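Enquirer: Please find one structure pasted underneath; my questions will follow.
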Amino acid sequence: MRHRRYPTGEYLRQVSRWVWNEQGDARHHGLKLQEETITEMLLLRIARECNDIGLNVRMFNRIQEGGRKDIGKIGNGADWEWFIETNQCQVSFRVQAKVLSSDLTPVRGAVSVGRYDGLHDDRKQTDDLIAGAKKWRSNPIYIFYNHSWIADRALFGTAYNHFPVRPGDWGCSVATANFVKHTSGNRLSALLPGMLPWHRFFGWDRKCLAQTAMSQMPGEQEFLTDTPWPDWLGFVQEGGEGLNAYLLEHRLQGVAHFDFTDLESF
């Protein structure tokens, strides 16, 4: 299926619904997809489906090349860095992914309220995300992977800020690290007010919508635009040589380069 006729936002909605449905199917079969798995499959799908329209996606995963022996040195839930380059701007994001959790209760298989188990009250991981982003001049954000297997699924309403939104559009959502840092607890009900469906955040067909979106999102986080090319781009272009050491030093799980400079009309 070719996506040439779809605007960026509509394609990202399709991918978001795919993440929503895949998590539902996984839970139906007794599985919980991890953050790393969803992120990798998400990037793979985008790279595979968008290549024919001129979007070049290059990515590198430390597990893929370096082996699992080094994961402990990176730490749980290590960040990804996404560098997005268009004819209008170039922007870097330090990304931490979290999956919405829910347990089946003994009462007729009922599900519990939605929460993000990886978010701890001390927010140390959030502080690390912000510090790492500041050091390397990136925008620290959270990507939340959501699904309907929660008791409070009605929180995913039919509209967002007057824009029509289906529940599946929340399969991938974005919040600023600053909002997460200053929000107590890990429940969906507390964090959803600071989230934006990702198709409303990553829209690169006309301009860097992320800059406008972040200025309107809770958290009052400064947006860093026109960030310099990250050093890892040179390693990726050289076939990955030396990138393992770079990822370990920068405490990254992986990196991805989204090059829109040759993109035809999306």
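If you're wondering about the labels, chains in the structure tokens are A, B, ... by order shown, residues count from 1 in each chain, ligands from 1 in order shown.
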Could you write out, as a count of residues only, all the residues of segment 35-205 of chain A that DSSP marks as helix (DSSP H, G or I)?

Expert: 66

Enquirer: Looking at only C-alpha atoms, which of A:Asn139, A:Thr8, A:Ser148, A:Thr261 is the one that sits closest to Val111 of chain A?

Expert: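 Using only C-alpha atoms, the shortest distance to Val111 of chain A belongs to A:Ser148.
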
Enquirer: Kindly assemble as JSON lines a list of the segment 141-162 of chain A residues that lie within 10 Å of segment 92-103 of chain A, each paired with its nearest atom pair and their distance in Å to one decimal, using only C-alpha atoms, sorted first by chain and then by ascending residue number.

Expert:
```
{"residue": "A:Ile141", "atom": "CA", "partner": "A:Val95", "partner_atom": "CA", "distance": 5.2}
{"residue": "A:Tyr142", "atom": "CA", "partner": "A:Gln96", "partner_atom": "CA", "distance": 4.9}
{"residue": "A:Ile143", "atom": "CA", "partner": "A:Ala97", "partner_atom": "CA", "distance": 4.7}
{"residue": "A:Phe144", "atom": "CA", "partner": "A:Lys98", "partner_atom": "CA", "distance": 5.0}
{"residue": "A:Tyr145", "atom": "CA", "partner": "A:Val99", "partner_atom": "CA", "distance": 4.8}
{"residue": "A:Asn146", "atom": "CA", "partner": "A:Leu100", "partner_atom": "CA", "distance": 5.2}
{"residue": "A:His147", "atom": "CA", "partner": "A:Leu100", "partner_atom": "CA", "distance": 7.0}
{"residue": "A:Ser148", "atom": "CA", "partner": "A:Leu100", "partner_atom": "CA", "distance": 9.4}
{"residue": "A:Trp149", "atom": "CA", "partner": "A:Ser102", "partner_atom": "CA", "distance": 6.8}
{"residue": "A:Ile150", "atom": "CA", "partner": "A:Ser102", "partner_atom": "CA", "distance": 5.8}
{"residue": "A:Ala151", "atom": "CA", "partner": "A:Ser102", "partner_atom": "CA", "distance": 8.4}
```

Enquirer: Convert the current residue selection to file output with N, CA, C and O atoms, as a PDB file, in the first residue's frame.

Expert:
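File written: part_1.pdb
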```
ATOM      1  N   ILE A 141      11.356  14.209  25.455  1.00  0.00           N
ATOM      2  CA  ILE A 141       9.919  13.911  25.395  1.00  0.00           C
ATOM      3  C   ILE A 141       9.676  12.466  25.792  1.00  0.00           C
ATOM      4  O   ILE A 141      10.574  11.622  25.757  1.00  0.00           O
ATOM      5  N   TYR A 142       8.430  12.195  26.158  1.00  0.00           N
ATOM      6  CA  TYR A 142       7.954  10.843  26.387  1.00  0.00           C
ATOM      7  C   TYR A 142       7.036  10.434  25.243  1.00  0.00           C
ATOM      8  O   TYR A 142       6.210  11.228  24.788  1.00  0.00           O
ATOM      9  N   ILE A 143       7.193   9.196  24.789  1.00  0.00           N
ATOM     10  CA  ILE A 143       6.237   8.580  23.881  1.00  0.00           C
ATOM     11  C   ILE A 143       5.510   7.506  24.676  1.00  0.00           C
ATOM     12  O   ILE A 143       6.146   6.612  25.237  1.00  0.00           O
ATOM     13  N   PHE A 144       4.191   7.605  24.743  1.00  0.00           N
ATOM     14  CA  PHE A 144       3.392   6.632  25.474  1.00  0.00           C
ATOM     15  C   PHE A 144       2.664   5.725  24.485  1.00  0.00           C
ATOM     16  O   PHE A 144       2.029   6.208  23.540  1.00  0.00           O
ATOM     17  N   TYR A 145       2.772   4.416  24.706  1.00  0.00           N
ATOM     18  CA  TYR A 145       2.097   3.426  23.880  1.00  0.00           C
ATOM     19  C   TYR A 145       0.854   2.942  24.639  1.00  0.00           C
ATOM     20  O   TYR A 145       0.968   2.318  25.703  1.00  0.00           O
ATOM     21  N   ASN A 146      -0.317   3.214  24.094  1.00  0.00           N
ATOM     22  CA  ASN A 146      -1.572   2.985  24.799  1.00  0.00           C
ATOM     23  C   ASN A 146      -2.423   1.912  24.137  1.00  0.00           C
ATOM     24  O   ASN A 146      -2.211   1.547  22.982  1.00  0.00           O
ATOM     25  N   HIS A 147      -3.427   1.437  24.874  1.00  0.00           N
ATOM     26  CA  HIS A 147      -4.327   0.387  24.393  1.00  0.00           C
ATOM     27  C   HIS A 147      -5.644   0.498  25.161  1.00  0.00           C
ATOM     28  O   HIS A 147      -5.799   1.356  26.042  1.00  0.00           O
ATOM     29  N   SER A 148      -6.580  -0.366  24.836  1.00  0.00           N
ATOM     30  CA  SER A 148      -7.910  -0.278  25.440  1.00  0.00           C
ATOM     31  C   SER A 148      -8.129  -1.261  26.588  1.00  0.00           C
ATOM     32  O   SER A 148      -9.220  -1.278  27.172  1.00  0.00           O
ATOM     33  N   TRP A 149      -7.131  -2.042  26.956  1.00  0.00           N
ATOM     34  CA  TRP A 149      -7.314  -3.061  27.987  1.00  0.00           C
ATOM     35  C   TRP A 149      -7.158  -2.475  29.379  1.00  0.00           C
ATOM     36  O   TRP A 149      -6.327  -2.909  30.184  1.00  0.00           O
ATOM     37  N   ILE A 150      -7.939  -1.452  29.681  1.00  0.00           N
ATOM     38  CA  ILE A 150      -7.920  -0.813  30.991  1.00  0.00           C
ATOM     39  C   ILE A 150      -9.355  -0.490  31.392  1.00  0.00           C
ATOM     40  O   ILE A 150     -10.232  -0.327  30.541  1.00  0.00           O
ATOM     41  N   ALA A 151      -9.585  -0.401  32.684  1.00  0.00           N
ATOM     42  CA  ALA A 151     -10.934  -0.129  33.172  1.00  0.00           C
ATOM     43  C   ALA A 151     -11.378   1.289  32.818  1.00  0.00           C
ATOM     44  O   ALA A 151     -12.567   1.534  32.614  1.00  0.00           O
TER      45      ALA A 151
END
```

Enquirer: Could you check the closest approach to Asp128 of chain A for each of A:Arg48, A:Glu220, A:Ser173, A:Asn178 and tell me which residue wins, using only C-alpha atoms?

Expert: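 Using only C-alpha atoms, Asp128 of chain A sits closest to A:Asn178.
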
Enquirer: Under the rule that only C-alpha atoms are counted, which of A:Glu40, A:Glu35, A:Glu85, A:Glu49 is the nearest residue to Tyr11 of chain A?

Expert: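 Closest to Tyr11 of chain A, using only C-alpha atoms: A:Glu49.
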
Enquirer: When you look at Leu191 of chain A with a cut-off of 12 Å (counting only C-alpha atoms), what residues show up, excluding the ones that are within fewer than 2 positions of it in the same chain? I need them as a ChimeraX atom specification.

Expert: /A:98,100,114-116,119,142-144,155-156,173-189,193-196,218-219

Enquirer: For Asp259 of chain A, which of A:Ala110, A:Leu233, A:Ile130, A:Ala154 is the closest residue, counting only C-alpha atoms?

Expert: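 Between A:Ala110, A:Leu233, A:Ile130, A:Ala154, the residue approaching Asp259 of chain A most closely is A:Leu233.
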
Enquirer: Would you mind telling me which residue in A:Asp127, A:Asp262, A:Glu249, A:Glu222 lies nearest to Thr86 of chain A when using only C-alpha atoms?

Expert: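 Closest residue, counting only C-alpha atoms: A:Asp262.
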
Enquirer: Nearest to Gln88 of chain A among A:Leu243, A:Cys172, A:Thr225, A:Arg251, with distances taken over only C-alpha atoms: which residue is it?

Expert: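 When distances to Gln88 of chain A are compared using only C-alpha atoms, the smallest one comes from A:Thr225.
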
Enquirer: Work out how far atom CA of Ala131 of chain A is from atom CA of Trp232 of chain A, in Å to one decimal.

Expert: 18.6 Å

Enquirer: Could you tell me, as a ChimeraX atom specification, which residues of segment 44-258 of chain A DSSP assigns to strand (DSSP E) when given the backbone?

Expert: /A:56-61,79-85,90-99,139-145,159-160,163-164,172-176,196-197,252-258

Enquirer: One decimal, Å: what's the distance from atom CA of Thr126 of chain A over to atom CA of Ala47 of chain A, could you say?

Expert: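 Answer for the atom CA of Thr126 of chain A to atom CA of Ala47 of chain A separation: 28.2 Å.
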
Enquirer: Which polymer residues have any atom within 9 Å of an atom of Val255 of chain A, counting only C-alpha atoms, with same-chain residues fewer than 6 positions away left out, as a list of chain:residue names?

Expert: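 Residues meeting the cut-off are A:Arg58, A:Met59, A:Phe60, A:Asn61, A:Arg62, A:Asp79, A:Trp80, A:Glu81, A:Trp82, A:Phe83, A:Trp232, A:Leu233, A:Leu247.
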
Enquirer: Go ahead and write the residues just picked, N, CA and C atoms, as a compact mmCIF listing (two decimals), in the first residue's frame.

Expert:
```
# COMPACT_ATOMS: atom_id res chain seq x y z
N ARG A 58 17.04 5.93 8.80
CA ARG A 58 18.18 5.09 9.19
C ARG A 58 18.16 4.96 10.71
N MET A 59 18.33 3.75 11.19
CA MET A 59 18.29 3.54 12.63
C MET A 59 19.34 2.52 13.04
N PHE A 60 19.69 2.58 14.30
CA PHE A 60 20.71 1.68 14.84
C PHE A 60 20.31 1.32 16.25
N ASN A 61 20.31 0.02 16.55
CA ASN A 61 19.90 -0.49 17.85
C ASN A 61 21.09 -1.16 18.51
N ARG A 62 21.39 -0.78 19.74
CA ARG A 62 22.56 -1.33 20.40
C ARG A 62 22.46 -2.84 20.62
N ASP A 79 17.17 5.64 26.65
CA ASP A 79 16.55 6.54 25.70
C ASP A 79 16.94 6.22 24.26
N TRP A 80 16.08 6.70 23.36
CA TRP A 80 16.40 6.77 21.94
C TRP A 80 16.62 8.24 21.60
N GLU A 81 17.40 8.48 20.56
CA GLU A 81 17.51 9.83 20.03
C GLU A 81 17.01 9.81 18.60
N TRP A 82 16.02 10.67 18.33
CA TRP A 82 15.46 10.80 16.98
C TRP A 82 15.86 12.16 16.44
N PHE A 83 16.50 12.16 15.28
CA PHE A 83 16.90 13.41 14.63
C PHE A 83 16.07 13.55 13.36
N TRP A 232 26.48 11.07 15.99
CA TRP A 232 26.21 9.69 15.60
C TRP A 232 25.79 9.57 14.14
N LEU A 233 25.37 10.67 13.50
CA LEU A 233 24.99 10.59 12.10
C LEU A 233 26.18 10.17 11.24
N LEU A 247 26.85 4.97 21.74
CA LEU A 247 25.58 4.76 22.43
C LEU A 247 25.79 4.47 23.90
```

Enquirer: May I have a table of the residues of segment 182-213 of chain A lying at most 10 Å from segment 14-22 of chain A, giving each one's closest pair of atoms and their distance in Å to one decimal, counting only C-alpha atoms, ordered by chain and ascending residue number, as CSV?

Expert:
```
residue,atom,partner,partner_atom,distance
A:Pro197,CA,A:Ser16,CA,8.5
A:Trp198,CA,A:Ser16,CA,7.8
A:His199,CA,A:Ser16,CA,8.2
```

Enquirer: So that I have them on file, write out the residues from the current selection with C-alpha atoms, as a compact mmCIF listing (two decimals), in the first residue's frame.

Expert:
```txt
# COMPACT_ATOMS: atom_id res chain seq x y z
CA PRO A 197 -1.77 12.21 20.00
CA TRP A 198 1.49 11.97 18.13
CA HIS A 199 0.00 12.85 14.75
```

Enquirer: Atom CA of Ile84 of chain A to atom CA of Phe202 of chain A: how many Å, to one decimal?

Expert: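 The value is 9.6 Å.
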